[in-house]
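These notes concern the structure reproduced below.
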Amino acid sequence: MKNKKILLSAAIILSIIAGTIYKNRYFNDLGTFLFLFSLALIIIFIVLYFVKNEGVFKIWRNFAGVYLSIAIILAVITPDTPGFLRPDSEIISLWLAGIFFVVSLGIILGKRDHHSPLDLDEC
């Protein structure tokens with residue numbers, strides 16, 4: 001895959017962001033959102049690093065662009081304080097990151113070539 005250096009660099013940068021947020025306990029609305037999505041993206045980037053099929057990356061990239069745009073909008077418009085049947089922004093960030101992670105893995109594992117059991121490069 002042509003994008004391996006980009007994936008590795010992005011995973012390192014996201015690790016630094018997540019580590020900084022965790023170390024400084026910067027878990028307000030934005031910090032929680034960035035921390036959770038950083039963790040999800042780090043794992044997804046590591047999985048994508050080993051996938052041979054470039055088409056899988058393109059499909060996932062299109063999904064991620066749309067999903068992250070919607071997730072950012074939802075995180076911004078969610079109120080800080082919970083109410084009756086209205087979760088707060090921390091819970092919304094947790095749900096959005098979890099859904100993103102599960103759907104991303106589903107796309108990657110569902111769209112890969114089925115020539116080998118894992119379809120991974122032999123790094």
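Quick note on naming: the chains in the structure tokens go A, B, ... in the order shown, residues restart at 1 in each chain, and ligands are numbered from 1 in order of appearance.
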Return as JSON lines the residues of range 22-70 of chain A lying at most 6 Å from range 7-17 of chain A, together with the closest atom-to-atom pair for each and the distance in Å to one decimal, counting only C-alpha atoms, with rows in chain order and ascending residue number.
{"residue": "A:Ser38", "atom": "CA", "partner": "A:Leu14", "partner_atom": "CA", "distance": 5.3}
{"residue": "A:Ile42", "atom": "CA", "partner": "A:Ala11", "partner_atom": "CA", "distance": 5.0}
{"residue": "A:Phe45", "atom": "CA", "partner": "A:Leu7", "partner_atom": "CA", "distance": 5.6}
Item to check | Residues of chain A in alpha helix (DSSP H), written as a ChimeraX atom specification | outcome: /A:4-24,29-50,54-77,89-111
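Comparing the minimum interatomic distances between Asp29 in chain A and each of A:Leu105, A:Ile77, A:Val47, A:Leu85, counting only C-alpha atoms, we find that A:Ile77 sits nearest.
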Test item: residues at most 12 Å from Lys58 in chain A, only C-alpha atoms, excluding those fewer than 4 positions along its chain, as a PDB file with C-alpha atoms, in the first residue's frame:
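Okay, out19.pdb is ready:
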ATOM      1  CA  MET A   1       0.000   0.000   0.000  1.00  0.00           C
ATOM      2  CA  LYS A   2       1.320   3.441  -0.900  1.00  0.00           C
ATOM      3  CA  ASN A   3      -0.035   5.028   2.241  1.00  0.00           C
ATOM      4  CA  LEU A  48      -4.837  -0.762   7.801  1.00  0.00           C
ATOM      5  CA  VAL A  51      -3.868  -4.825   4.816  1.00  0.00           C
ATOM      6  CA  ASN A  53      -5.692  -4.248  -0.662  1.00  0.00           C
ATOM      7  CA  GLU A  54      -5.475  -0.521  -1.513  1.00  0.00           C
ATOM      8  CA  ASN A  62     -14.432   7.801   2.246  1.00  0.00           C
ATOM      9  CA  PHE A  63     -16.418   6.418   5.183  1.00  0.00           C
ATOM     10  CA  ALA A  64     -14.120   8.091   7.726  1.00  0.00           C
ATOM     11  CA  GLY A  65     -14.398  11.483   6.023  1.00  0.00           C
ATOM     12  CA  ILE A 107     -15.414  -2.303   6.541  1.00  0.00           C
ATOM     13  CA  ILE A 108     -11.764  -3.344   6.686  1.00  0.00           C
ATOM     14  CA  LYS A 111     -13.848  -5.667   2.095  1.00  0.00           C
ATOM     15  CA  ARG A 112     -10.442  -7.343   2.247  1.00  0.00           C
TER      16      ARG A 112
END
Next on the checklist: Given only C-alpha atoms as the basis, pick out the residue of A:Ala75, A:Val56, A:Phe33, A:Asp80 nearest to Leu109 in chain A.
Outcome noted: A:Val56
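For the pair CA of Ala18 in chain A and CA of Thr81 in chain A, the separation is 24.2 Å.
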Checklist entry - Expressed in Å to a single decimal, how great is the separation between CA of Trp60 in chain A and CA of Leu36 in chain A? => result 18.4 Å
Item to check | Residues of chain A in strand (DSSP E or B), written as a list in words | outcome: Val51, Gly83, Arg86 and Leu120 of chain A
Item to check | For CA of Arg25 in chain A and CA of Phe101 in chain A, the interatomic separation in Å (one decimal) | outcome: 23.0 Å
Item to check | Nearby residues (only C-alpha atoms) at most 12 Å from Pro82 in chain A, same-chain spacing under 5 positions excluded, as an NGL selection string | outcome: :A and (87-92)
I need the residues from that last selection saved to file as a compact mmCIF listing (two decimals), in the first residue's frame (with N, CA and C atoms), if you can.
# COMPACT_ATOMS: atom_id res chain seq x y z
N PRO A 87 -28.41 12.70 26.43
CA PRO A 87 -27.09 12.45 27.00
C PRO A 87 -26.17 13.66 26.86
N ASP A 88 -25.16 13.69 27.69
CA ASP A 88 -24.20 14.79 27.62
C ASP A 88 -23.16 14.52 26.53
N SER A 89 -22.29 15.49 26.31
CA SER A 89 -21.33 15.39 25.21
C SER A 89 -20.29 14.29 25.43
N GLU A 90 -19.98 13.96 26.68
CA GLU A 90 -19.01 12.90 26.94
C GLU A 90 -19.57 11.54 26.49
N ILE A 91 -20.83 11.27 26.81
CA ILE A 91 -21.46 10.01 26.40
C ILE A 91 -21.59 9.95 24.88
N ILE A 92 -21.95 11.06 24.27
CA ILE A 92 -22.06 11.10 22.80
C ILE A 92 -20.70 10.82 22.17
Item to check | Closest of A:Lys5, A:Tyr67, A:Gly31, A:Phe37 to Phe50 in chain A - atom-to-atom distances counting only C-alpha atoms | outcome: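 Counting only C-alpha atoms, the residue closest to Phe50 in chain A is A:Lys5.
Using only C-alpha atoms for every distance, the candidate list A:Thr20, A:Ser104, A:Thr78, A:Ser69 yields A:Ser104 as the residue closest to Leu41 in chain A.
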